[in-house]
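What's in final36.txt: compact mmCIF, C-alpha atoms
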# COMPACT_ATOMS: atom_id res chain seq x y z
CA MET A 1 253.72 315.79 150.20
CA GLN A 2 254.59 319.43 149.65
CA PHE A 3 252.12 321.26 147.40
CA ASP A 4 254.64 323.62 145.78
CA THR A 5 253.06 324.96 142.59
CA GLU A 6 255.26 328.05 142.19
CA THR A 7 258.29 326.29 140.76
CA THR A 8 258.61 325.34 137.11
CA ILE A 9 259.02 321.61 136.56
CA CYS A 10 259.90 319.34 133.64
CA ALA A 11 260.08 315.63 132.82
CA ILE A 12 260.39 313.29 129.88
CA ALA A 13 256.78 312.32 129.12
CA THR A 14 257.41 309.44 126.71
CA GLY A 15 258.72 305.94 127.32
CA GLU A 16 262.29 304.94 128.03
CA ALA A 17 262.63 302.83 124.89
CA PRO A 18 263.91 304.44 121.66
CA ALA A 19 261.14 305.72 119.38
CA LEU A 20 260.60 307.93 116.34
CA ARG A 21 259.31 310.77 118.51
CA GLY A 22 259.82 311.80 122.11
CA ALA A 23 258.44 314.58 124.28
CA ILE A 24 259.39 316.61 127.36
CA ARG A 25 256.77 318.43 129.43
CA ILE A 26 257.30 321.74 131.21
CA THR A 27 254.84 323.59 133.42
CA GLY A 28 254.99 326.44 135.92
CA PRO A 29 254.98 330.24 136.10
CA ASP A 30 258.37 330.61 134.38
CA THR A 31 257.82 328.14 131.55
CA LEU A 32 258.33 330.59 128.68
CA ALA A 33 261.27 332.30 130.37
CA MET A 34 263.02 328.96 130.84
CA LEU A 35 262.40 328.02 127.21
CA ARG A 36 264.03 331.25 126.06
CA THR A 37 267.27 330.16 127.72
CA LEU A 38 267.40 327.33 125.17
CA GLY A 39 266.75 329.40 122.07
CA PRO A 40 264.76 332.26 120.55
CA LEU A 41 260.99 332.35 121.00
CA PRO A 42 258.50 334.98 119.79
CA GLU A 43 258.38 337.97 122.15
CA LYS A 44 254.66 337.47 122.70
CA ILE A 45 252.72 334.21 122.59
CA PRO A 46 249.12 335.33 123.25
CA PHE A 47 247.45 331.96 122.70
CA ALA A 48 248.25 328.26 122.41
CA GLN A 49 250.44 327.63 119.38
CA ARG A 50 253.31 325.63 117.93
CA VAL A 51 256.70 327.20 117.29
CA GLY A 52 259.93 325.71 115.96
CA MET A 53 263.33 325.88 117.69
CA ASP A 54 266.82 324.59 117.07
CA ILE A 55 268.41 323.84 120.44
CA ASP A 56 272.19 323.49 120.70
CA LEU A 57 273.12 320.29 122.54
CA GLY A 58 276.87 320.88 122.38
CA GLU A 59 278.72 317.82 121.11
CA LEU A 60 275.44 316.29 119.97
CA GLY A 61 274.85 319.25 117.67
CA PRO A 62 271.70 321.28 117.01
CA LEU A 63 268.42 319.52 117.71
CA PRO A 64 265.24 320.53 115.83
CA VAL A 65 262.36 320.79 118.32
CA SER A 66 258.65 321.51 117.89
CA VAL A 67 257.45 323.50 120.92
CA PHE A 68 253.74 323.42 121.72
CA CYS A 69 253.02 326.35 124.05
CA TRP A 70 250.09 327.06 126.36
CA PRO A 71 250.96 330.54 127.67
CA ASP A 72 248.16 330.93 130.22
CA SER A 73 245.94 328.91 132.57
CA ARG A 74 244.16 327.08 129.74
CA SER A 75 246.46 324.07 129.98
CA TYR A 76 246.35 320.62 131.57
CA THR A 77 247.88 321.89 134.81
CA GLY A 78 246.18 325.30 134.84
CA GLN A 79 249.61 326.96 134.51
CA PRO A 80 251.74 328.15 131.57
CA SER A 81 252.97 324.93 129.96
CA ALA A 82 254.85 323.56 126.98
CA GLU A 83 255.73 320.27 125.34
CA LEU A 84 258.97 319.83 123.43
CA HIS A 85 258.56 317.24 120.66
CA THR A 86 261.66 315.93 118.94
CA LEU A 87 263.49 312.73 117.97
CA GLY A 88 262.82 309.88 120.41
CA ALA A 89 266.45 308.91 121.08
CA PRO A 90 266.85 308.59 124.87
CA VAL A 91 270.27 310.27 124.81
CA LEU A 92 268.84 313.35 123.07
CA LEU A 93 265.88 313.61 125.44
CA SER A 94 268.12 313.20 128.51
CA GLU A 95 270.49 315.92 127.29
CA LEU A 96 267.60 318.27 126.52
CA GLN A 97 266.14 317.67 129.98
CA ARG A 98 269.58 318.29 131.52
CA LYS A 99 269.82 321.69 129.81
CA LEU A 100 266.38 322.63 131.20
CA ILE A 101 267.42 321.63 134.72
CA LEU A 102 270.66 323.66 134.40
CA SER A 103 268.56 326.69 133.43
CA GLY A 104 266.62 326.45 136.71
CA VAL A 105 263.76 324.06 135.95
CA LYS A 106 263.20 321.34 138.59
CA LEU A 107 262.68 317.68 137.79
CA ALA A 108 259.02 316.74 138.34
CA GLN A 109 258.02 314.21 140.98
CA PRO A 110 255.82 311.20 140.08
CA GLY A 111 252.32 312.44 139.27
CA GLU A 112 253.19 316.10 139.81
CA PHE A 113 251.66 317.29 136.52
CA THR A 114 248.32 315.64 137.33
CA LEU A 115 248.56 316.80 140.95
CA ARG A 116 248.81 320.40 139.73
CA ALA A 117 245.81 319.80 137.47
CA PHE A 118 243.89 318.63 140.54
CA LEU A 119 244.98 321.54 142.73
CA ALA A 120 244.03 323.98 139.96
CA GLY A 121 240.55 322.46 139.74
CA ARG A 122 241.11 321.13 136.24
CA LEU A 123 240.44 317.54 137.36
CA ASP A 124 238.69 316.06 140.37
CA LEU A 125 240.13 313.11 142.29
CA THR A 126 238.15 310.46 140.38
CA GLN A 127 239.46 311.87 137.10
CA CYS A 128 243.04 311.83 138.42
CA GLU A 129 242.58 308.15 139.24
CA ALA A 130 241.21 307.69 135.72
CA VAL A 131 244.43 309.19 134.30
CA LEU A 132 246.34 306.48 136.16
CA GLY A 133 243.82 303.94 134.86
CA VAL A 134 244.54 305.05 131.28
CA ILE A 135 248.30 304.73 131.84
CA HIS A 136 247.99 301.18 133.20
CA ALA A 137 245.09 299.95 131.02
CA HIS A 138 245.86 296.38 129.92
CA ASP A 139 243.08 295.95 127.33
CA GLN A 140 240.44 297.86 125.40
CA ARG A 141 237.76 297.39 128.08
CA SER A 142 239.86 298.76 130.95
CA LEU A 143 240.94 301.66 128.71
CA ALA A 144 237.31 302.44 127.86
CA VAL A 145 236.35 302.40 131.56
CA ALA A 146 239.20 304.77 132.45
CA LEU A 147 238.42 307.13 129.56
CA ASN A 148 234.74 307.24 130.54
CA GLN A 149 235.67 308.10 134.11
CA LEU A 150 238.18 310.69 132.89
CA ALA A 151 235.39 312.31 130.86
CA GLY A 152 233.31 312.70 134.02
CA GLY A 153 231.33 309.47 133.95
CA LEU A 154 231.54 309.19 137.74
CA ALA A 155 232.26 312.80 138.66
CA ALA A 156 229.10 314.21 137.05
CA PRO A 157 226.50 312.38 139.19
CA LEU A 158 228.60 313.02 142.31
CA ALA A 159 228.77 316.75 141.51
CA ASP A 160 225.02 316.89 140.91
CA THR A 161 224.25 315.17 144.21
CA ARG A 162 226.67 317.39 146.13
CA ARG A 163 225.22 320.55 144.56
CA ASP A 164 221.65 319.49 145.41
CA LEU A 165 222.62 318.78 149.03
CA ILE A 166 224.38 322.15 149.32
CA HIS A 167 221.25 323.94 148.08
CA LEU A 168 219.10 321.91 150.47
CA LEU A 169 221.40 322.77 153.39
CA ALA A 170 221.24 326.46 152.44
CA ASP A 171 217.42 326.39 152.47
CA ILE A 172 217.35 324.65 155.86
CA GLU A 173 219.90 327.01 157.43
CA ALA A 174 218.06 330.05 156.04
CA GLY A 175 215.06 328.91 158.05
CA LEU A 176 217.22 328.52 161.15
CA ASP A 177 218.27 332.17 160.85
CA PHE A 178 214.63 333.26 161.09
CA VAL A 179 213.37 330.71 163.58
CA ASP A 180 212.15 333.45 165.99
CA GLU A 181 210.01 334.98 163.22
CA ASP A 182 208.41 331.60 162.48
CA ILE A 183 209.31 331.92 158.76
CA GLN A 184 209.46 328.57 156.95
CA PHE A 185 211.70 328.50 153.85
CA ILE A 186 211.19 324.81 153.12
CA SER A 187 208.61 322.30 154.36
CA PRO A 188 209.45 318.92 155.94
CA GLU A 189 207.83 317.23 152.94
CA GLN A 190 210.14 319.07 150.55
CA ILE A 191 213.18 318.22 152.67
CA GLU A 192 212.19 314.54 152.69
CA SER A 193 211.66 314.48 148.91
CA ARG A 194 215.04 316.06 148.18
CA LEU A 195 216.83 313.76 150.65
CA LEU A 196 215.21 310.75 148.98
CA ASP A 197 216.55 311.96 145.62
CA ALA A 198 220.05 312.30 147.09
CA LEU A 199 219.83 308.87 148.71
CA SER A 200 218.74 307.31 145.41
CA SER A 201 221.69 308.94 143.62
CA VAL A 202 224.25 307.70 146.14
CA GLU A 203 222.76 304.20 146.10
CA GLY A 204 222.92 304.23 142.30
CA ILE A 205 226.64 305.06 142.33
CA LEU A 206 227.28 302.39 144.96
CA SER A 207 225.35 299.87 142.88
CA GLN A 208 227.47 300.80 139.86
CA MET A 209 230.62 300.14 141.87
CA ASP A 210 229.37 296.98 143.59
CA SER A 211 227.20 294.76 141.48
CA ARG A 212 228.26 295.96 138.05
CA SER A 213 231.96 296.09 138.83
CA GLY A 214 232.03 292.33 139.42
CA GLN A 215 233.74 292.86 142.79
CA LYS A 216 230.80 291.60 144.84
CA HIS A 217 229.42 289.05 142.37
CA GLU A 218 229.61 285.45 143.54
CA TRP A 219 230.76 283.70 140.38
CA GLN A 220 229.33 280.20 139.93
CA ILE A 221 230.53 277.55 137.49
CA ALA A 222 228.42 274.39 137.19
CA LEU A 223 229.67 270.92 136.26
CA THR A 224 226.88 269.26 134.25
CA GLY A 225 226.58 266.19 132.06
CA PRO A 226 225.18 262.65 132.02
CA PRO A 227 225.53 260.24 134.97
CA ASN A 228 229.01 258.74 135.44
CA ALA A 229 230.60 261.42 133.27
CA GLY A 230 233.32 262.04 135.87
CA LYS A 231 232.01 265.32 137.25
CA SER A 232 232.64 264.49 140.90
CA SER A 233 236.09 263.07 140.10
CA LEU A 234 236.93 266.26 138.21
CA LEU A 235 235.80 268.38 141.16
CA ASN A 236 238.06 266.36 143.46
CA ALA A 237 240.98 266.72 141.03
CA ILE A 238 240.60 270.51 140.84
CA ALA A 239 240.18 270.75 144.62
CA GLY A 240 243.14 268.47 145.25
CA THR A 241 241.18 266.58 147.89
CA GLU A 242 238.17 264.26 148.22
CA VAL A 243 235.31 266.73 148.55
CA ALA A 244 232.78 264.72 146.52
CA MET A 245 231.79 261.06 146.84
CA VAL A 246 232.72 259.04 143.74
CA SER A 247 231.03 255.78 142.69
CA PRO A 248 230.49 253.87 139.42
CA THR A 249 226.81 253.59 140.33
CA PRO A 250 224.69 256.09 138.38
CA GLY A 251 222.84 258.65 140.47
CA THR A 252 225.36 258.75 143.33
CA THR A 253 225.23 262.57 143.34
CA ARG A 254 221.65 263.44 144.31
CA ASP A 255 222.17 267.03 145.49
CA TYR A 256 224.68 269.60 144.27
CA LEU A 257 228.03 270.10 146.00
CA ARG A 258 229.70 273.51 146.17
CA TYR A 259 233.49 273.99 146.37
CA ARG A 260 235.17 277.42 146.66
CA VAL A 261 238.16 277.97 144.36
CA GLN A 262 240.30 281.00 145.24
CA GLN A 263 243.63 282.33 144.04
CA SER A 264 244.79 285.87 144.87
CA ASP A 265 241.81 288.17 144.27
CA VAL A 266 239.99 285.73 141.97
CA ALA A 267 237.39 283.37 143.42
CA PHE A 268 234.48 281.30 142.18
CA ASP A 269 232.20 278.47 143.31
CA LEU A 270 232.47 275.18 141.44
CA LEU A 271 229.18 273.24 141.59
CA ASP A 272 228.98 269.47 141.15
CA THR A 273 225.45 268.65 139.98
CA ALA A 274 223.54 265.41 139.57
CA GLY A 275 223.91 263.63 136.22
CA MET A 276 221.27 264.75 133.74
CA GLU A 277 218.66 262.08 132.97
CA GLU A 278 214.91 261.56 132.69
CA TRP A 279 213.26 260.61 136.01
CA GLN A 280 209.92 261.00 137.76
CA GLU A 281 209.74 264.38 139.45
CA ASP A 282 208.44 263.04 142.78
CA SER A 283 211.32 260.57 143.16
CA PRO A 284 214.64 261.37 144.87
CA ARG A 285 216.45 261.32 141.53
CA GLY A 286 213.73 263.49 140.04
CA LEU A 287 214.33 266.07 142.78
CA ALA A 288 218.04 265.90 141.98
CA GLN A 289 217.23 266.78 138.36
CA ALA A 290 215.25 269.78 139.54
CA PHE A 291 218.26 270.92 141.57
CA THR A 292 220.48 270.49 138.49
CA ARG A 293 218.19 272.60 136.30
CA SER A 294 218.11 275.28 138.99
CA GLN A 295 221.91 275.41 139.16
CA ILE A 296 222.16 275.63 135.36
CA GLU A 297 219.90 278.68 135.44
CA GLN A 298 221.91 280.37 138.19
CA ALA A 299 225.42 279.54 136.97
CA ASP A 300 227.63 281.99 135.08
CA LEU A 301 229.44 279.28 133.11
CA LEU A 302 228.48 275.67 132.29
CA LEU A 303 231.09 272.90 132.03
CA TYR A 304 229.40 270.08 130.13
CA CYS A 305 231.29 266.90 131.00
CA SER A 306 231.18 263.98 128.57
CA PRO A 307 233.34 260.85 128.76
CA HIS A 308 236.12 260.72 126.18
CA ASP A 309 235.53 256.99 125.56
CA GLU A 310 231.85 257.25 124.65
CA LEU A 311 230.23 258.13 121.35
CA SER A 312 228.74 261.60 121.03
CA GLU A 313 225.29 262.25 122.32
CA PRO A 314 223.42 265.54 121.89
CA ILE A 315 223.87 268.06 124.69
CA PRO A 316 220.56 268.11 126.62
CA ALA A 317 218.07 270.90 125.92
CA PRO A 318 218.24 272.45 129.46
CA VAL A 319 221.94 273.15 128.83
CA LEU A 320 221.61 274.30 125.22
CA SER A 321 218.60 276.52 125.95
CA SER A 322 220.53 278.38 128.65
CA SER A 323 222.03 281.73 127.65
CA LYS A 324 225.18 280.89 129.64
CA PRO A 325 228.49 280.07 127.90
CA ILE A 326 229.23 276.36 127.55
CA TRP A 327 232.60 274.64 127.68
CA LEU A 328 232.86 271.00 126.60
CA ILE A 329 235.00 268.99 129.03
CA GLU A 330 236.00 265.57 127.69
CA THR A 331 236.63 263.53 130.82
CA LYS A 332 238.46 260.19 131.19
CA CYS A 333 240.89 261.10 128.41
CA ASP A 334 243.25 258.38 129.68
CA VAL A 335 240.82 255.83 128.15
CA SER A 336 241.03 255.17 124.42
CA ARG A 337 238.15 256.44 122.33
CA PRO A 338 236.25 253.78 120.31
CA HIS A 339 236.81 253.82 116.56
CA GLY A 340 234.39 256.20 114.88
CA GLY A 341 233.79 258.38 117.94
CA THR A 342 233.22 262.04 117.21
CA ARG A 343 233.03 265.29 119.16
CA ASP A 344 231.49 267.62 116.57
CA ARG A 345 228.08 268.11 118.17
CA ASN A 346 226.60 271.54 118.86
CA VAL A 347 229.81 273.27 117.80
CA GLU A 348 228.15 276.69 117.63
CA ARG A 349 227.28 276.67 121.35
CA ILE A 350 230.64 275.41 122.61
CA GLU A 351 233.04 278.25 123.43
CA ALA A 352 235.96 276.10 124.59
CA ARG A 353 237.00 272.45 124.79
CA TYR A 354 239.31 270.72 127.25
CA GLU A 355 240.43 267.10 127.59
CA VAL A 356 241.10 266.00 131.16
CA SER A 357 241.84 262.90 133.16
CA SER A 358 241.06 262.96 136.86
CA LYS A 359 242.98 259.69 137.17
CA THR A 360 246.29 260.90 135.71
CA GLY A 361 245.79 264.62 136.27
CA ASP A 362 246.29 265.44 132.59
CA GLY A 363 244.62 268.71 131.60
CA VAL A 364 243.30 269.46 135.11
CA ALA A 365 245.75 272.27 135.90
CA GLU A 366 245.21 273.79 132.44
CA LEU A 367 241.44 273.79 132.99
CA GLY A 368 241.81 275.32 136.46
CA HIS A 369 243.97 278.16 135.10
CA ALA A 370 241.48 278.75 132.28
CA LEU A 371 238.61 279.03 134.76
CA LEU A 372 240.50 281.55 136.92
CA HIS A 373 241.38 283.59 133.83
CA TRP A 374 237.75 283.50 132.64
CA VAL A 375 236.44 284.84 135.97
CA GLN A 376 239.14 287.53 136.04
CA GLN A 377 238.20 288.56 132.50
CA GLN A 378 234.49 288.72 133.36
CA LYS A 379 235.23 290.98 136.34
CA ALA A 380 237.27 293.32 134.16
CA GLU A 381 234.67 293.43 131.39
CA GLN A 382 231.86 294.34 133.77
CA ALA A 383 233.77 297.06 135.62
CA ASP A 384 232.34 300.58 135.31
CA ALA A 385 234.92 302.40 137.42
CA VAL A 386 238.70 302.32 137.78
CA PRO A 387 239.47 299.73 140.53
CA MET A 388 241.45 302.28 142.59
CA THR A 389 238.40 304.56 142.64
CA VAL A 390 236.18 301.70 143.77
CA GLU A 391 238.55 300.87 146.64
CA ARG A 392 238.80 304.47 147.82
CA CYS A 393 235.20 305.59 147.31
CA GLN A 394 233.03 302.81 148.66
CA GLY A 395 233.62 303.57 152.34
CA ALA A 396 232.96 307.29 151.92
CA LEU A 397 229.82 306.72 149.88
CA LEU A 398 228.49 304.23 152.43
CA ASN A 399 229.05 306.85 155.13
CA ALA A 400 227.28 309.45 152.98
CA LYS A 401 224.38 307.07 152.48
CA GLY A 402 224.16 306.51 156.24
CA ALA A 403 224.20 310.26 156.95
CA ILE A 404 221.43 310.94 154.41
CA ALA A 405 219.37 308.09 155.88
CA ALA A 406 219.88 309.57 159.37
CA ALA A 407 218.73 312.97 158.06
CA LEU A 408 215.60 311.31 156.67
CA ASP A 409 214.91 309.71 160.05
CA ALA A 410 215.35 313.11 161.69
CA VAL A 411 212.83 314.67 159.28
CA ARG A 412 210.25 311.95 159.86
CA GLY A 413 210.81 312.04 163.61
CA ARG A 414 210.52 315.86 163.70
CA CYS A 415 213.89 316.03 165.48
CA GLY A 416 214.58 319.59 164.37
CA ASP A 417 216.32 321.29 161.48
CA GLU A 418 219.61 321.55 163.41
CA ILE A 419 219.92 317.74 163.50
CA ILE A 420 218.96 317.43 159.82
CA ALA A 421 221.50 320.09 158.83
CA ALA A 422 224.25 318.36 160.84
CA GLU A 423 223.65 315.03 159.05
CA ILE A 424 223.65 316.74 155.64
CA ARG A 425 227.01 318.34 156.46
CA ILE A 426 228.42 314.88 157.24
CA ALA A 427 227.11 313.58 153.91
CA LEU A 428 228.67 316.52 152.07
CA ASP A 429 232.04 315.90 153.73
CA GLU A 430 231.94 312.22 152.71
CA ILE A 431 230.99 313.01 149.12
CA GLY A 432 233.74 315.64 149.12
CA LEU A 433 236.24 312.90 150.02
CA VAL A 434 235.20 311.00 146.91
CA ALA A 435 235.43 313.93 144.48
CA GLY A 436 238.42 315.52 146.19
CA THR A 437 236.77 318.73 147.40
CA VAL A 438 237.75 317.48 150.86
CA TYR A 439 241.08 315.64 151.10
CA THR A 440 244.13 314.99 153.23
CA GLU A 441 247.79 314.97 152.27
CA ASP A 442 247.88 311.22 152.97
CA VAL A 443 245.14 310.57 150.41
CA LEU A 444 246.92 312.60 147.73
CA ASP A 445 250.29 311.06 148.54
CA ALA A 446 248.84 307.54 148.27
CA LEU A 447 247.40 308.34 144.83
CA PHE A 448 250.05 310.42 143.09
CA SER A 449 253.00 308.38 144.33
CA ARG A 450 251.74 305.59 142.04
CA PHE A 451 252.18 307.74 138.93
CA CYS A 452 255.29 307.66 136.81
CA ILE A 453 257.43 310.77 136.30
CA GLY A 454 256.16 312.95 133.47
CA LYS A 455 252.46 312.32 134.07
Written form, structure tokens:
Amino acid sequence: MQFDTETTICAIATGEAPALRGAIRITGPDTLAMLRTLGPLPEKIPFAQRVGMDIDLGELGPLPVSVFCWPDSRSYTGQPSAELHTLGAPVLLSELQRKLILSGVKLAQPGEFTLRAFLAGRLDLTQCEAVLGVIHAHDQRSLAVALNQLAGGLAAPLADTRRDLIHLLADIEAGLDFVDEDIQFISPEQIESRLLDALSSVEGILSQMDSRSGQKHEWQIALTGPPNAGKSSLLNAIAGTEVAMVSPTPGTTRDYLRYRVQQSDVAFDLLDTAGMEEWQEDSPRGLAQAFTRSQIEQADLLLYCSPHDELSEPIPAPVLSSSKPIWLIETKCDVSRPHGGTRDRNVERIEARYEVSSKTGDGVAELGHALLHWVQQQKAEQADAVPMTVERCQGALLNAKGAIAAALDAVRGRCGDEIIAAEIRIALDEIGLVAGTVYTEDVLDALFSRFCIGK
């Protein structure tokens, strides 16, 4: 990637579909000069303002355009910039862009506007990734996550930690300059305290990316219900193979059985638990009930299985008292329901209902898709950082954490300030990779090539 910021570039910034309004972006040192080739502009534009122009498009006639000008570095890219707002007809926008290119403006590359903002120090790398997150946000939650990151939700703690480590390194290296005079600028106790603060900050950011992003969470979905409700048969039907023993005898499942369901990047554990019933705690079936209650407490979602052909019975208290969402799964739907049967119990606690038959396969695929979608939705709702940022940053932050921990070991082992300073420099480099104060062309190319033109 060539970092040429001296040319003036332009691109259509709105979508390809026809719309009431459309916009073209221009940025670069010659922005105002290029605009004047299209029509008259005020001789001096000392501050950001809007001006009107009528631009001759030849056979298409004059086009009224609102020009929003940023004449100095106080723009998105840190360069003189403008946006031309007009009618959103694609043919008009294309012709207007063509006239700009004929006047000497170059067509922008994907992500080049945001790249210039990064190179000018207007955005750090995590905020650039957040811009891409905003563009590709598929729901309100992912948009909110991207906007929070764009506003500095991740950059601020990283900048604070980096600044504190730089100041600490300066104090340590000042002492190294006067080592012959035996002058101590900072004590080992102070170094240890400040390193512990930095370590806590890095661990906090990693925790935000790991546990709260849903990427590392082991999602568990428990099949519960009375004995002979068809839980094990349903597990086998979802798995597509005989992973659980099935028998008409109540109490066949004494322990819980775990089966891993995975499709693309979505995975969860499906737990087959013992049928819920009253039994003495010191008996084998009583121990199975204890296992079931434990799995209910640990699960993220409860599938309460109840045979379609039986009259309604109240959902047991251990299930209802759980704070976890409950789906009612009516099993054995290939069997006719007795006259007068009802399924209206505990409606307020049931978030979804599905009818399935493990024998015929009816409803099984639909339930499996619903479970995958639910897990995917939970991961998205719990995310606190744009996924691209998580992928790129985790390795660097783990390296920074390791370097800070090594510096702490050096302090406690009295290994010398030179060793401590060297480890702090490594940590600073790794944190710089996250924020973009240290970067390679490959990193920038991998990011900005994913942008669309005009952003």
Length of the atom CA of Ala267 of chain A to atom CA of Ala365 of chain A vector [Å] =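 If I compute the distance from atom CA of Ala267 of chain A to atom CA of Ala365 of chain A, I get 15.8 Å.
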A:Leu320, A:Leu38, A:Leu60, A:Ala82: which is nearest Ile26 of chain A, counting only C-alpha atoms?
->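 Checking each of A:Leu320, A:Leu38, A:Leu60, A:Ala82 against Ile26 of chain A, counting only C-alpha atoms, the winner is A:Ala82.
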Just give me the gap between atom CA of Ser73 of chain A and atom CA of Pro46 of chain A in Å, one decimal is fine.
->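 Atom-to-atom, atom CA of Ser73 of chain A to atom CA of Pro46 of chain A, that is 11.8 Å.
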Enter the distance from atom CA of Ala198 of chain A to atom CA of Gly175 of chain A, in Å, rounded to one decimal.
->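 Distance between the two atoms: 20.5 Å.
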Distance query Phe185 of chain A at most 8 Å, all atoms listed in the file, self and fewer than 3 positions along chain excluded, as a PyMOL selection string | chain A and resi 171-172+174-175
Have a look at A:Ile424, A:Cys305, A:Val375, A:Cys69 and name the one nearest to Gly230 of chain A; count only C-alpha atoms.
->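 Using only C-alpha atoms, Gly230 of chain A sits closest to A:Cys305.
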Just the residues within 8 Å of Ala120 of chain A, please, counting only C-alpha atoms, with nothing from its chain fewer than 4 positions along; format it as a list of chain:residue names.
->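 So the residues in contact are A:Thr77, A:Gly78, A:Arg116.
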Using only C-alpha atoms, which of the listed residues (A:Leu107, A:Ala407, A:Ile350, A:Leu32) sits closest to Ile9 of chain A?
->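 For Ile9 of chain A, the nearest of the candidates is A:Leu107.
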Using all atoms listed in the file, which residue out of A:Ser66, A:Ser358, A:Thr5, A:Gln49 lies closest to Gly240 of chain A?
->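 The shortest atom-to-atom distance to Gly240 of chain A comes from A:Ser358.
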Taking all atoms listed in the file into account, which of A:Thr37, A:Ser75, A:Gln298, A:Thr161 comes nearest Leu102 of chain A?
->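 So, comparing all the options, the nearest one is A:Thr37.
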Leaving out segment 323-333 of chain A and any residue of its chain fewer than 5 positions from it, which residues lie within 8 Å of it when counting all atoms listed in the file, given as a PyMOL selection string?
-> chain A and resi 229-230+234+299-309+349-359
Give me the residues within 9 Å of Arg194 of chain A as a PDB file with C-alpha atoms, in the frame of the given file, counting only C-alpha atoms and dropping any in the same chain fewer than 3 places off.
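Everything below was put into part-v7.pdb:
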ATOM      1  CA  ASP A 164     221.650 319.490 145.410  1.00  0.00           C
ATOM      2  CA  LEU A 165     222.620 318.780 149.030  1.00  0.00           C
ATOM      3  CA  LEU A 168     219.100 321.910 150.470  1.00  0.00           C
ATOM      4  CA  GLU A 189     207.830 317.230 152.940  1.00  0.00           C
ATOM      5  CA  GLN A 190     210.140 319.070 150.550  1.00  0.00           C
ATOM      6  CA  ILE A 191     213.180 318.220 152.670  1.00  0.00           C
ATOM      7  CA  ASP A 197     216.550 311.960 145.620  1.00  0.00           C
ATOM      8  CA  ALA A 198     220.050 312.300 147.090  1.00  0.00           C
ATOM      9  CA  LEU A 199     219.830 308.870 148.710  1.00  0.00           C
TER      10      LEU A 199
END
Could you check which of A:Leu371, A:Ala156, A:Leu115, A:Ala237 is closest to Ile205 of chain A, using all atoms listed in the file?
->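 Smallest distance to Ile205 of chain A is found for A:Ala156.
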8 Å contact set for Cys128 of chain A, all atoms listed in the file, chain neighbours under 5 positions out, as number ranges by chain | A: 114-115, 118, 123, 150
Restrict the selected residues to C-alpha atoms and save them as a PDB file, in the frame of the given file.
ATOM      1  CA  THR A 114     248.320 315.640 137.330  1.00  0.00           C
ATOM      2  CA  LEU A 115     248.560 316.800 140.950  1.00  0.00           C
ATOM      3  CA  PHE A 118     243.890 318.630 140.540  1.00  0.00           C
ATOM      4  CA  LEU A 123     240.440 317.540 137.360  1.00  0.00           C
ATOM      5  CA  LEU A 150     238.180 310.690 132.890  1.00  0.00           C
TER       6      LEU A 150
END
Incomplete segment 125-135 of chain A brought to N, CA and C atoms, written out as a PDB file, in the coordinates of the input:
ATOM      1  N   LEU A 125     239.307 314.251 141.881  1.00  0.00           N
ATOM      2  CA  LEU A 125     240.130 313.110 142.290  1.00  0.00           C
ATOM      3  C   LEU A 125     239.792 311.855 141.488  1.00  0.00           C
ATOM      4  N   THR A 126     238.510 311.645 141.164  1.00  0.00           N
ATOM      5  CA  THR A 126     238.150 310.460 140.380  1.00  0.00           C
ATOM      6  C   THR A 126     238.749 310.535 138.980  1.00  0.00           C
ATOM      7  N   GLN A 127     238.851 311.735 138.427  1.00  0.00           N
ATOM      8  CA  GLN A 127     239.460 311.870 137.100  1.00  0.00           C
ATOM      9  C   GLN A 127     240.971 311.675 137.163  1.00  0.00           C
ATOM     10  N   CYS A 128     241.604 312.097 138.256  1.00  0.00           N
ATOM     11  CA  CYS A 128     243.040 311.830 138.420  1.00  0.00           C
ATOM     12  C   CYS A 128     243.294 310.327 138.477  1.00  0.00           C
ATOM     13  N   GLU A 129     242.442 309.611 139.187  1.00  0.00           N
ATOM     14  CA  GLU A 129     242.580 308.150 139.240  1.00  0.00           C
ATOM     15  C   GLU A 129     242.348 307.548 137.861  1.00  0.00           C
ATOM     16  N   ALA A 130     241.454 308.178 137.072  1.00  0.00           N
ATOM     17  CA  ALA A 130     241.210 307.690 135.720  1.00  0.00           C
ATOM     18  C   ALA A 130     242.444 307.890 134.832  1.00  0.00           C
ATOM     19  N   VAL A 131     243.184 308.993 135.050  1.00  0.00           N
ATOM     20  CA  VAL A 131     244.430 309.190 134.300  1.00  0.00           C
ATOM     21  C   VAL A 131     245.369 308.020 134.559  1.00  0.00           C
ATOM     22  N   LEU A 132     245.496 307.622 135.817  1.00  0.00           N
ATOM     23  CA  LEU A 132     246.340 306.480 136.160  1.00  0.00           C
ATOM     24  C   LEU A 132     245.792 305.205 135.542  1.00  0.00           C
ATOM     25  N   GLY A 133     244.447 305.096 135.502  1.00  0.00           N
ATOM     26  CA  GLY A 133     243.820 303.940 134.860  1.00  0.00           C
ATOM     27  C   GLY A 133     244.138 303.865 133.377  1.00  0.00           C
ATOM     28  N   VAL A 134     244.175 305.011 132.704  1.00  0.00           N
ATOM     29  CA  VAL A 134     244.540 305.050 131.280  1.00  0.00           C
ATOM     30  C   VAL A 134     245.989 304.592 131.097  1.00  0.00           C
ATOM     31  N   ILE A 135     246.871 305.079 131.959  1.00  0.00           N
ATOM     32  CA  ILE A 135     248.300 304.730 131.840  1.00  0.00           C
ATOM     33  C   ILE A 135     248.498 303.224 131.972  1.00  0.00           C
TER      34      ILE A 135
END
